[in-house]
Number of protein chains: 2
Amino acid sequence: MTNGGALRELDEVDHALLEAVQRDGRATLSDLAATIRLGVSATRARLQTLERQGIITSYAAHIDPERVGYALRAVVRMRVNGPLLDSQVTAVLEKRPQIVRCLRVTGESCYMMEVVATGMRDLEEITDDLAQIGPITTDLVYEVVADKPTPVP
Amino acid sequence: MTNGGALRELDEVDHALLEAVQRDGRATLSDLAATIRLGVSATRARLQTLERQGIITSYAAHIDPERVGYALRAVVRMRVNGPLLDSQVTAVLEKRPQIVRCLRVTGESCYMMEVVATGMRDLEEITDDLAQIGPITTDLVYEVVADKPTPVP
DNA sequence: ACTGAAAGGCCGGCCAA
DNA sequence: TTGGCCGGCCTTTCAGT
């Protein structure tokens, strides 16, 4: 059987592999094999297992928003008073790709979103859409102080 | 000349390429060449340019924090009253790899952080460290509603 | 579960346009 | 800047342990 979702115990080698492939997502199997001191075949087998189990969810290139025209980054918190109107939130998320991240959280803010924008005009359009769902608070981001991969304990 | 940092105008093909490598960071050059309908050499040249310009900053595997033992995710907001004590923040960031993201922002909260934790005990240790720098507010994350790549305008 | 070898495919440098 | 060719490396598969 395949056992796609269960969490098997990860050993030291798996940890090293996860760490390596998070640091360099384009590392070749040979590279990874060398860093975790294992044969290429074994490395591939472990990697495929991690992918199949959903522990590795995806591989992605990261790009610098500033260099592609987004001068601004902001955090928008939003309350929703009545019944949770997920459909409205989903609609705005689909309409506005600049909303790059959205979390549903406890506390006063029901949703926390991270937004990139080409300028204040652009940001205003997005927050206007959100403000129709519930009261929002917008903070501009001065600096991304840290953006780290998930540690493997 | 190399012109490492300036922003050249990106054309349609560059947009398509950026979109493609964000969706699949492990796509081969042949794959990418096929999707952007270009030769392999040309694809490689453009990709290298994007990397050299710092538009593509890195490649990474994404892993599911839950499946590696992090049952909790939280957002911590922190004020800093007096002079900005970046060194103290940096120290905690280095000590606690579970703080996977940290933004310095405008508004009442000076810092916004995203944290993964194995349980409440783990989370408590981290927030205790942060609370020594300034007053904090901690929200637990119910769900990551969206986590999208940066759009290319 | 890991190693090693063989076959095929892909990458990365070169030159031509 | 793009396309084509070629040498070398990587991936993949398959025995073997």
# chains A, B, ... in the order shown; residues from 1 in each chain; ligands from 1
$ residues_around --residues "Ala42 of chain B" --least-positions-apart "5" --cutoff "12 Å" --atoms "only C-alpha atoms (C1' of nucleotides)" --output "JSON list (two decimals) with N, CA, C and O atoms (P, O5', C5', C4', C3', O3' and C1' of nucleotides), in the first residue's frame"
[["chain", "number", "residue", "atom", "x", "y", "z"],
["B", 13, "VAL", "N", 7.86, 37.30, -22.85],
["B", 13, "VAL", "CA", 8.53, 36.01, -22.71],
["B", 13, "VAL", "C", 9.14, 35.88, -21.31],
["B", 13, "VAL", "O", 9.06, 34.82, -20.68],
["B", 14, "ASP", "N", 9.75, 36.94, -20.82],
["B", 14, "ASP", "CA", 10.30, 36.92, -19.47],
["B", 14, "ASP", "C", 9.20, 36.66, -18.45],
["B", 14, "ASP", "O", 9.38, 35.89, -17.51],
["B", 17, "LEU", "N", 8.31, 33.11, -18.51],
["B", 17, "LEU", "CA", 9.38, 32.31, -17.92],
["B", 17, "LEU", "C", 9.36, 32.40, -16.40],
["B", 17, "LEU", "O", 9.45, 31.38, -15.70],
["B", 29, "LEU", "N", 15.32, 22.85, -18.44],
["B", 29, "LEU", "CA", 15.38, 23.89, -19.46],
["B", 29, "LEU", "C", 14.51, 23.52, -20.66],
["B", 29, "LEU", "O", 13.88, 24.39, -21.25],
["B", 30, "SER", "N", 14.48, 22.25, -21.00],
["B", 30, "SER", "CA", 13.66, 21.82, -22.14],
["B", 30, "SER", "C", 12.19, 22.07, -21.84],
["B", 30, "SER", "O", 11.45, 22.55, -22.70],
["B", 32, "LEU", "N", 10.92, 24.31, -19.76],
["B", 32, "LEU", "CA", 10.69, 25.75, -19.78],
["B", 32, "LEU", "C", 10.69, 26.26, -21.22],
["B", 32, "LEU", "O", 9.83, 27.07, -21.61],
["B", 33, "ALA", "N", 11.65, 25.78, -22.01],
["B", 33, "ALA", "CA", 11.72, 26.20, -23.40],
["B", 33, "ALA", "C", 10.43, 25.88, -24.14],
["B", 33, "ALA", "O", 9.93, 26.69, -24.92],
["B", 34, "ALA", "N", 9.87, 24.71, -23.85],
["B", 34, "ALA", "CA", 8.63, 24.31, -24.50],
["B", 34, "ALA", "C", 7.48, 25.22, -24.09],
["B", 34, "ALA", "O", 6.69, 25.65, -24.94],
["B", 36, "ILE", "N", 7.53, 28.30, -22.97],
["B", 36, "ILE", "CA", 7.60, 29.68, -23.45],
["B", 36, "ILE", "C", 7.87, 29.73, -24.96],
["B", 36, "ILE", "O", 8.07, 30.80, -25.53],
["B", 37, "ARG", "N", 7.85, 28.56, -25.58],
["B", 37, "ARG", "CA", 7.98, 28.48, -27.05],
["B", 37, "ARG", "C", 9.21, 29.21, -27.54],
["B", 37, "ARG", "O", 9.13, 30.16, -28.32],
["B", 47, "LEU", "N", 17.11, 32.93, -18.59],
["B", 47, "LEU", "CA", 17.06, 32.51, -17.18],
["B", 47, "LEU", "C", 18.30, 32.99, -16.44],
["B", 47, "LEU", "O", 18.21, 33.52, -15.33],
["B", 48, "GLN", "N", 19.45, 32.85, -17.07],
["B", 48, "GLN", "CA", 20.69, 33.29, -16.43],
["B", 48, "GLN", "C", 20.68, 34.79, -16.21],
["B", 48, "GLN", "O", 21.14, 35.29, -15.18],
["B", 49, "THR", "N", 20.16, 35.52, -17.18],
["B", 49, "THR", "CA", 20.07, 36.97, -17.01],
["B", 49, "THR", "C", 19.18, 37.32, -15.81],
["B", 49, "THR", "O", 19.54, 38.15, -14.98],
["D", 1, "DT", "P", 20.66, 39.96, -25.42],
["D", 1, "DT", "O5'", 19.20, 39.39, -25.45],
["D", 1, "DT", "C5'", 18.34, 39.91, -26.47],
["D", 1, "DT", "C4'", 18.17, 38.94, -27.61],
["D", 1, "DT", "C3'", 17.82, 37.49, -27.22],
["D", 1, "DT", "O3'", 16.52, 37.19, -27.66],
["D", 1, "DT", "C1'", 19.44, 37.57, -28.96],
["D", 2, "DT", "P", 15.87, 35.81, -27.21],
["D", 2, "DT", "O5'", 16.21, 34.72, -28.32],
["D", 2, "DT", "C5'", 15.66, 34.88, -29.62],
["D", 2, "DT", "C4'", 16.36, 33.94, -30.59],
["D", 2, "DT", "C3'", 16.18, 32.44, -30.28],
["D", 2, "DT", "O3'", 15.37, 31.85, -31.28],
["D", 2, "DT", "C1'", 18.40, 32.98, -30.98],
["D", 3, "DG", "P", 14.88, 30.32, -31.02],
["D", 3, "DG", "O5'", 15.89, 29.45, -31.87],
["D", 3, "DG", "C5'", 15.95, 29.64, -33.28],
["D", 3, "DG", "C4'", 17.08, 28.82, -33.87],
["D", 3, "DG", "C3'", 17.04, 27.32, -33.52],
["D", 3, "DG", "O3'", 17.17, 26.56, -34.71],
["D", 3, "DG", "C1'", 19.16, 28.22, -33.01],
["D", 4, "DG", "P", 17.09, 24.98, -34.67],
["D", 4, "DG", "O5'", 18.60, 24.49, -34.74],
["D", 4, "DG", "C5'", 19.40, 24.83, -35.87],
["D", 4, "DG", "C4'", 20.78, 24.20, -35.74],
["D", 4, "DG", "C3'", 20.79, 22.72, -35.32],
["D", 4, "DG", "O3'", 21.78, 22.04, -36.07],
["D", 4, "DG", "C1'", 22.05, 23.99, -33.76]]
$ residues_around --residues "DA7 of chain C" --least-positions-apart "2" --cutoff "12 Å" --atoms "only C-alpha atoms (C1' of nucleotides)" --output "list of chain:residue names"
C:DA5, C:DG9, D:DT11, D:DT12, D:DT13, D:DC14
$ write_last_selection --atoms "all heavy atoms" --output "compact mmCIF listing (two decimals), in the first residue's frame"
# COMPACT_ATOMS: atom_id res chain seq x y z
P DA C 5 30.53 0.14 -10.85
OP1 DA C 5 31.83 -0.59 -10.84
OP2 DA C 5 30.51 1.61 -10.73
O5' DA C 5 29.74 -0.26 -12.17
C5' DA C 5 29.22 -1.58 -12.32
C4' DA C 5 28.24 -1.62 -13.49
O4' DA C 5 26.97 -1.03 -13.06
C3' DA C 5 28.68 -0.81 -14.72
O3' DA C 5 28.30 -1.49 -15.90
C2' DA C 5 27.91 0.49 -14.56
C1' DA C 5 26.61 0.00 -13.95
N9 DA C 5 25.90 1.00 -13.17
C8 DA C 5 26.44 1.90 -12.28
N7 DA C 5 25.54 2.68 -11.70
C5 DA C 5 24.34 2.27 -12.26
C6 DA C 5 23.02 2.70 -12.06
N6 DA C 5 22.67 3.66 -11.23
N1 DA C 5 22.05 2.07 -12.77
C2 DA C 5 22.40 1.08 -13.62
N3 DA C 5 23.61 0.60 -13.87
C4 DA C 5 24.54 1.24 -13.16
P DG C 9 16.23 8.91 -25.21
OP1 DG C 9 14.77 8.86 -25.45
OP2 DG C 9 17.18 9.04 -26.34
O5' DG C 9 16.51 10.09 -24.18
C5' DG C 9 15.93 10.01 -22.87
C4' DG C 9 16.31 11.24 -22.07
O4' DG C 9 17.71 11.16 -21.72
C3' DG C 9 16.13 12.56 -22.82
O3' DG C 9 15.58 13.51 -21.92
C2' DG C 9 17.55 12.92 -23.25
C1' DG C 9 18.39 12.31 -22.14
N9 DG C 9 19.72 11.90 -22.57
C8 DG C 9 20.04 11.14 -23.67
N7 DG C 9 21.32 10.91 -23.79
C5 DG C 9 21.89 11.55 -22.70
C6 DG C 9 23.24 11.65 -22.31
O6 DG C 9 24.24 11.17 -22.85
N1 DG C 9 23.37 12.40 -21.13
C2 DG C 9 22.34 12.97 -20.45
N2 DG C 9 22.65 13.66 -19.36
N3 DG C 9 21.07 12.88 -20.81
C4 DG C 9 20.91 12.16 -21.94
P DT D 11 20.48 14.59 -11.46
OP1 DT D 11 19.69 15.67 -10.84
OP2 DT D 11 21.42 13.78 -10.66
O5' DT D 11 19.49 13.60 -12.22
C5' DT D 11 18.70 14.11 -13.28
C4' DT D 11 18.14 12.96 -14.09
O4' DT D 11 19.22 12.18 -14.63
C3' DT D 11 17.26 11.99 -13.28
O3' DT D 11 16.00 11.86 -13.93
C2' DT D 11 18.04 10.68 -13.29
C1' DT D 11 18.86 10.82 -14.58
N1 DT D 11 20.13 10.04 -14.60
C2 DT D 11 20.31 9.08 -15.58
O2 DT D 11 19.47 8.83 -16.43
N3 DT D 11 21.51 8.43 -15.53
C4 DT D 11 22.53 8.63 -14.60
O4 DT D 11 23.56 7.98 -14.65
C5 DT D 11 22.27 9.64 -13.60
C7 DT D 11 23.28 9.94 -12.55
C6 DT D 11 21.10 10.30 -13.64
P DT D 12 14.79 11.22 -13.11
OP1 DT D 12 13.56 11.93 -13.50
OP2 DT D 12 15.20 11.16 -11.69
O5' DT D 12 14.71 9.72 -13.65
C5' DT D 12 14.69 9.50 -15.06
C4' DT D 12 15.07 8.06 -15.37
O4' DT D 12 16.49 7.87 -15.21
C3' DT D 12 14.40 7.00 -14.46
O3' DT D 12 13.48 6.25 -15.24
C2' DT D 12 15.57 6.15 -13.94
C1' DT D 12 16.70 6.52 -14.89
N1 DT D 12 18.07 6.40 -14.30
C2 DT D 12 18.99 5.61 -14.93
O2 DT D 12 18.76 4.99 -15.96
N3 DT D 12 20.22 5.57 -14.33
C4 DT D 12 20.60 6.24 -13.16
O4 DT D 12 21.73 6.11 -12.71
C5 DT D 12 19.56 7.03 -12.55
C7 DT D 12 19.85 7.79 -11.28
C6 DT D 12 18.36 7.09 -13.15
P DT D 13 12.44 5.27 -14.55
OP1 DT D 13 11.16 5.40 -15.28
OP2 DT D 13 12.49 5.49 -13.10
O5' DT D 13 13.03 3.82 -14.86
C5' DT D 13 13.59 3.56 -16.14
C4' DT D 13 14.55 2.38 -16.08
O4' DT D 13 15.81 2.78 -15.48
C3' DT D 13 14.04 1.19 -15.24
O3' DT D 13 14.04 0.04 -16.06
C2' DT D 13 15.05 1.09 -14.10
C1' DT D 13 16.29 1.71 -14.71
N1 DT D 13 17.26 2.29 -13.73
C2 DT D 13 18.58 1.93 -13.84
O2 DT D 13 19.01 1.18 -14.70
N3 DT D 13 19.41 2.51 -12.90
C4 DT D 13 19.02 3.37 -11.88
O4 DT D 13 19.85 3.82 -11.10
C5 DT D 13 17.63 3.68 -11.84
C7 DT D 13 17.11 4.61 -10.78
C6 DT D 13 16.81 3.14 -12.75
P DC D 14 13.27 -1.28 -15.64
OP1 DC D 14 12.53 -1.79 -16.80
OP2 DC D 14 12.58 -1.00 -14.37
O5' DC D 14 14.47 -2.28 -15.34
C5' DC D 14 15.64 -2.22 -16.15
C4' DC D 14 16.76 -2.98 -15.49
O4' DC D 14 17.50 -2.08 -14.62
C3' DC D 14 16.31 -4.15 -14.60
O3' DC D 14 17.14 -5.27 -14.84
C2' DC D 14 16.49 -3.61 -13.19
C1' DC D 14 17.71 -2.72 -13.38
N1 DC D 14 17.88 -1.68 -12.34
C2 DC D 14 19.17 -1.33 -11.89
O2 DC D 14 20.14 -1.90 -12.38
N3 DC D 14 19.30 -0.39 -10.93
C4 DC D 14 18.22 0.21 -10.43
N4 DC D 14 18.40 1.14 -9.49
C5 DC D 14 16.91 -0.13 -10.86
C6 DC D 14 16.78 -1.07 -11.81
$ residues_around --residues "Ala117 of chain B" --least-positions-apart "6" --cutoff "12 Å" --atoms "only C-alpha atoms (C1' of nucleotides)" --output "list in words"
Thr150, Pro151, Val152 and Pro153 of chain A; Pro65, Glu66, Val68, Gly69, Tyr70, Ala71, Leu72, Arg73, Ala74, Val75, Arg96, Pro97, Gln98, Ile99, Val100, Leu123, Glu124, Glu125, Ile126, Thr127, Leu140 and Val141 of chain B
$ write_last_selection --atoms "N, CA and C atoms" --output "PDB file, in the first residue's frame"
ATOM      1  N   THR A 150      11.377  26.304   6.484  1.00  0.00           N
ATOM      2  CA  THR A 150      10.868  25.593   7.657  1.00  0.00           C
ATOM      3  C   THR A 150      11.975  24.728   8.246  1.00  0.00           C
ATOM      4  N   PRO A 151      12.249  24.858   9.530  1.00  0.00           N
ATOM      5  CA  PRO A 151      13.282  24.007  10.140  1.00  0.00           C
ATOM      6  C   PRO A 151      12.804  22.559  10.217  1.00  0.00           C
ATOM      7  N   VAL A 152      13.724  21.642  10.238  1.00  0.00           N
ATOM      8  CA  VAL A 152      13.356  20.224  10.363  1.00  0.00           C
ATOM      9  C   VAL A 152      13.868  19.695  11.703  1.00  0.00           C
ATOM     10  N   PRO A 153      12.952  19.469  12.614  1.00  0.00           N
ATOM     11  CA  PRO A 153      13.330  19.188  14.010  1.00  0.00           C
ATOM     12  C   PRO A 153      13.792  17.748  14.228  1.00  0.00           C
TER      13      PRO A 153
ATOM     14  N   PRO B  65       4.836  22.088   6.988  1.00  0.00           N
ATOM     15  CA  PRO B  65       5.259  22.105   8.392  1.00  0.00           C
ATOM     16  C   PRO B  65       4.518  21.073   9.246  1.00  0.00           C
ATOM     17  N   GLU B  66       3.237  20.875   8.984  1.00  0.00           N
ATOM     18  CA  GLU B  66       2.462  19.904   9.774  1.00  0.00           C
ATOM     19  C   GLU B  66       3.049  18.506   9.687  1.00  0.00           C
ATOM     20  N   VAL B  68       6.031  17.597   9.254  1.00  0.00           N
ATOM     21  CA  VAL B  68       7.329  17.382   9.883  1.00  0.00           C
ATOM     22  C   VAL B  68       7.273  17.689  11.375  1.00  0.00           C
ATOM     23  N   GLY B  69       6.044  17.792  11.902  1.00  0.00           N
ATOM     24  CA  GLY B  69       5.928  17.881  13.349  1.00  0.00           C
ATOM     25  C   GLY B  69       5.483  19.212  13.922  1.00  0.00           C
ATOM     26  N   TYR B  70       5.204  20.188  13.064  1.00  0.00           N
ATOM     27  CA  TYR B  70       4.742  21.480  13.583  1.00  0.00           C
ATOM     28  C   TYR B  70       3.219  21.534  13.539  1.00  0.00           C
ATOM     29  N   ALA B  71       2.610  21.309  14.681  1.00  0.00           N
ATOM     30  CA  ALA B  71       1.148  21.269  14.746  1.00  0.00           C
ATOM     31  C   ALA B  71       0.546  22.667  14.698  1.00  0.00           C
ATOM     32  N   LEU B  72       1.351  23.651  15.089  1.00  0.00           N
ATOM     33  CA  LEU B  72       0.827  25.014  15.237  1.00  0.00           C
ATOM     34  C   LEU B  72       1.538  25.995  14.323  1.00  0.00           C
ATOM     35  N   ARG B  73       0.755  26.994  13.904  1.00  0.00           N
ATOM     36  CA  ARG B  73       1.331  28.147  13.225  1.00  0.00           C
ATOM     37  C   ARG B  73       0.739  29.373  13.886  1.00  0.00           C
ATOM     38  N   ALA B  74       1.512  30.410  14.046  1.00  0.00           N
ATOM     39  CA  ALA B  74       1.022  31.609  14.724  1.00  0.00           C
ATOM     40  C   ALA B  74       1.606  32.867  14.097  1.00  0.00           C
ATOM     41  N   VAL B  75       0.886  33.961  14.277  1.00  0.00           N
ATOM     42  CA  VAL B  75       1.380  35.276  13.883  1.00  0.00           C
ATOM     43  C   VAL B  75       1.606  36.086  15.153  1.00  0.00           C
ATOM     44  N   ARG B  96      15.880  31.106  17.217  1.00  0.00           N
ATOM     45  CA  ARG B  96      14.614  30.396  16.998  1.00  0.00           C
ATOM     46  C   ARG B  96      14.317  30.237  15.516  1.00  0.00           C
ATOM     47  N   PRO B  97      14.745  29.137  14.937  1.00  0.00           N
ATOM     48  CA  PRO B  97      14.458  28.924  13.509  1.00  0.00           C
ATOM     49  C   PRO B  97      12.966  28.765  13.226  1.00  0.00           C
ATOM     50  N   GLN B  98      12.185  28.528  14.271  1.00  0.00           N
ATOM     51  CA  GLN B  98      10.734  28.410  14.061  1.00  0.00           C
ATOM     52  C   GLN B  98      10.087  29.717  13.643  1.00  0.00           C
ATOM     53  N   ILE B  99      10.787  30.828  13.872  1.00  0.00           N
ATOM     54  CA  ILE B  99      10.308  32.105  13.330  1.00  0.00           C
ATOM     55  C   ILE B  99      10.701  32.129  11.867  1.00  0.00           C
ATOM     56  N   VAL B 100       9.761  31.804  11.005  1.00  0.00           N
ATOM     57  CA  VAL B 100      10.095  31.601   9.603  1.00  0.00           C
ATOM     58  C   VAL B 100      10.004  32.876   8.779  1.00  0.00           C
ATOM     59  N   LEU B 123       5.594  27.072  21.439  1.00  0.00           N
ATOM     60  CA  LEU B 123       5.214  28.449  21.087  1.00  0.00           C
ATOM     61  C   LEU B 123       5.484  29.388  22.251  1.00  0.00           C
ATOM     62  N   GLU B 124       5.168  28.916  23.444  1.00  0.00           N
ATOM     63  CA  GLU B 124       5.332  29.744  24.635  1.00  0.00           C
ATOM     64  C   GLU B 124       6.792  30.165  24.824  1.00  0.00           C
ATOM     65  N   GLU B 125       7.685  29.215  24.592  1.00  0.00           N
ATOM     66  CA  GLU B 125       9.108  29.542  24.741  1.00  0.00           C
ATOM     67  C   GLU B 125       9.530  30.665  23.802  1.00  0.00           C
ATOM     68  N   ILE B 126       9.013  30.588  22.584  1.00  0.00           N
ATOM     69  CA  ILE B 126       9.395  31.589  21.587  1.00  0.00           C
ATOM     70  C   ILE B 126       8.806  32.953  21.942  1.00  0.00           C
ATOM     71  N   THR B 127       7.535  32.965  22.282  1.00  0.00           N
ATOM     72  CA  THR B 127       6.901  34.251  22.602  1.00  0.00           C
ATOM     73  C   THR B 127       7.496  34.850  23.876  1.00  0.00           C
ATOM     74  N   LEU B 140      -3.192  32.640  16.715  1.00  0.00           N
ATOM     75  CA  LEU B 140      -2.981  31.327  16.110  1.00  0.00           C
ATOM     76  C   LEU B 140      -3.584  31.303  14.712  1.00  0.00           C
ATOM     77  N   VAL B 141      -2.969  30.518  13.843  1.00  0.00           N
ATOM     78  CA  VAL B 141      -3.449  30.423  12.464  1.00  0.00           C
ATOM     79  C   VAL B 141      -4.332  29.188  12.328  1.00  0.00           C
TER      80      VAL B 141
END
$ select_by_dssp --residues "segment 19-142 of chain B" --states "helix (DSSP H, G or I)" --output "JSON, numbers by chain"
{"B": [19, 20, 21, 22, 23, 29, 30, 31, 32, 33, 34, 35, 40, 41, 42, 43, 44, 45, 46, 47, 48, 49, 50, 51, 52, 65, 66, 67, 68, 86, 87, 88, 89, 90, 91, 92, 93, 94, 95, 120, 121, 122, 123, 124, 125, 126, 127, 128, 129, 130, 131]}
$ select_by_dssp --residues "chain A" --states "strand (DSSP E)" --output "ChimeraX atom specification"
/A:56-63,72-78,99-105,111-117,136-147
$ closest_residue --among "B:Ala45, B:Leu85, B:Ala60, B:Met113" --to "chain D" --atoms "only C-alpha atoms (C1' of nucleotides)"
B:Ala45
$ interface_residues --of "chain B" --to "chain A" --cutoff "8 Å" --atoms "only C-alpha atoms" --output "ChimeraX atom specification"
/B:7,10,18,21-26,54-65,67-69,93,97-107,116,139-153
$ interface_residues --of "chain B" --to "chain D" --cutoff "10 Å" --atoms "only C-alpha atoms (C1' of nucleotides)" --output "count of residues only"
8
$ decode --residues "chain D" --atoms "N, CA, C and O atoms (P, O5', C5', C4', C3', O3' and C1' of nucleotides)" --output "tab-separated table (two decimals), in the first residue's frame"
chain	number	residue	atom	x	y	z
D	1	DT	P	20.66	39.96	-25.42
D	1	DT	O5'	19.20	39.39	-25.45
D	1	DT	C5'	18.34	39.91	-26.47
D	1	DT	C4'	18.17	38.94	-27.61
D	1	DT	C3'	17.82	37.49	-27.22
D	1	DT	O3'	16.52	37.19	-27.66
D	1	DT	C1'	19.44	37.57	-28.96
D	2	DT	P	15.87	35.81	-27.21
D	2	DT	O5'	16.21	34.72	-28.32
D	2	DT	C5'	15.66	34.88	-29.62
D	2	DT	C4'	16.36	33.94	-30.59
D	2	DT	C3'	16.18	32.44	-30.28
D	2	DT	O3'	15.37	31.85	-31.28
D	2	DT	C1'	18.40	32.98	-30.98
D	3	DG	P	14.88	30.32	-31.02
D	3	DG	O5'	15.89	29.45	-31.87
D	3	DG	C5'	15.95	29.64	-33.28
D	3	DG	C4'	17.08	28.82	-33.87
D	3	DG	C3'	17.04	27.32	-33.52
D	3	DG	O3'	17.17	26.56	-34.71
D	3	DG	C1'	19.16	28.22	-33.01
D	4	DG	P	17.09	24.98	-34.67
D	4	DG	O5'	18.60	24.49	-34.74
D	4	DG	C5'	19.40	24.83	-35.87
D	4	DG	C4'	20.78	24.20	-35.74
D	4	DG	C3'	20.79	22.72	-35.32
D	4	DG	O3'	21.78	22.04	-36.07
D	4	DG	C1'	22.05	23.99	-33.76
D	5	DC	P	21.80	20.46	-36.04
D	5	DC	O5'	23.23	20.12	-35.44
D	5	DC	C5'	24.40	20.79	-35.95
D	5	DC	C4'	25.56	20.60	-34.99
D	5	DC	C3'	25.71	19.18	-34.43
D	5	DC	O3'	27.07	18.78	-34.50
D	5	DC	C1'	25.70	20.74	-32.67
D	6	DC	P	27.46	17.25	-34.35
D	6	DC	O5'	28.65	17.26	-33.30
D	6	DC	C5'	29.16	18.53	-32.81
D	6	DC	C4'	29.85	18.33	-31.49
D	6	DC	C3'	30.01	16.88	-31.02
D	6	DC	O3'	31.22	16.79	-30.27
D	6	DC	C1'	28.67	18.03	-29.49
D	7	DG	P	31.89	15.37	-30.04
D	7	DG	O5'	32.30	15.47	-28.50
D	7	DG	C5'	33.18	16.53	-28.07
D	7	DG	C4'	32.97	16.80	-26.59
D	7	DG	C3'	33.19	15.60	-25.67
D	7	DG	O3'	33.95	16.00	-24.55
D	7	DG	C1'	31.02	16.50	-25.33
D	8	DG	P	34.44	14.96	-23.47
D	8	DG	O5'	33.42	15.22	-22.27
D	8	DG	C5'	33.27	16.55	-21.76
D	8	DG	C4'	32.15	16.58	-20.73
D	8	DG	C3'	32.21	15.47	-19.68
D	8	DG	O3'	31.91	16.02	-18.42
D	8	DG	C1'	30.10	15.44	-20.74
D	9	DC	P	32.23	15.22	-17.11
D	9	DC	O5'	30.85	15.36	-16.33
D	9	DC	C5'	30.27	16.65	-16.16
D	9	DC	C4'	28.77	16.51	-15.99
D	9	DC	C3'	28.35	15.61	-14.83
D	9	DC	O3'	27.48	16.32	-13.98
D	9	DC	C1'	27.20	15.00	-16.83
D	10	DC	P	26.97	15.69	-12.62
D	10	DC	O5'	25.45	15.34	-12.92
D	10	DC	C5'	24.62	16.34	-13.48
D	10	DC	C4'	23.31	15.71	-13.92
D	10	DC	C3'	22.66	14.83	-12.85
D	10	DC	O3'	21.32	15.23	-12.64
D	10	DC	C1'	22.85	13.65	-14.90
D	11	DT	P	20.48	14.59	-11.46
D	11	DT	O5'	19.49	13.60	-12.22
D	11	DT	C5'	18.70	14.11	-13.28
D	11	DT	C4'	18.14	12.96	-14.09
D	11	DT	C3'	17.26	11.99	-13.28
D	11	DT	O3'	16.00	11.86	-13.93
D	11	DT	C1'	18.86	10.82	-14.58
D	12	DT	P	14.79	11.22	-13.11
D	12	DT	O5'	14.71	9.72	-13.65
D	12	DT	C5'	14.69	9.50	-15.06
D	12	DT	C4'	15.07	8.06	-15.37
D	12	DT	C3'	14.40	7.00	-14.46
D	12	DT	O3'	13.48	6.25	-15.24
D	12	DT	C1'	16.70	6.52	-14.89
D	13	DT	P	12.44	5.27	-14.55
D	13	DT	O5'	13.03	3.82	-14.86
D	13	DT	C5'	13.59	3.56	-16.14
D	13	DT	C4'	14.55	2.38	-16.08
D	13	DT	C3'	14.04	1.19	-15.24
D	13	DT	O3'	14.04	0.04	-16.06
D	13	DT	C1'	16.29	1.71	-14.71
D	14	DC	P	13.27	-1.28	-15.64
D	14	DC	O5'	14.47	-2.28	-15.34
D	14	DC	C5'	15.64	-2.22	-16.15
D	14	DC	C4'	16.76	-2.98	-15.49
D	14	DC	C3'	16.31	-4.15	-14.60
D	14	DC	O3'	17.14	-5.27	-14.84
D	14	DC	C1'	17.71	-2.72	-13.38
D	15	DA	P	16.37	-6.73	-14.86
D	15	DA	O5'	17.52	-7.74	-14.46
D	15	DA	C5'	17.98	-7.70	-13.13
D	15	DA	C4'	19.49	-7.56	-13.06
D	15	DA	C3'	20.07	-8.48	-11.99
D	15	DA	O3'	21.32	-9.01	-12.37
D	15	DA	C1'	20.38	-6.18	-11.38
D	16	DG	P	21.80	-10.34	-11.61
D	16	DG	O5'	22.48	-9.77	-10.28
D	16	DG	C5'	23.63	-8.92	-10.40
D	16	DG	C4'	23.97	-8.34	-9.05
D	16	DG	C3'	24.01	-9.38	-7.91
D	16	DG	O3'	25.23	-9.26	-7.22
D	16	DG	C1'	22.75	-7.49	-7.28
D	17	DT	P	25.69	-10.46	-6.27
D	17	DT	O5'	25.53	-9.81	-4.84
D	17	DT	C5'	26.29	-8.65	-4.52
D	17	DT	C4'	25.74	-8.03	-3.25
D	17	DT	C3'	25.47	-9.03	-2.13
D	17	DT	O3'	26.54	-8.99	-1.18
D	17	DT	C1'	23.78	-7.34	-2.32
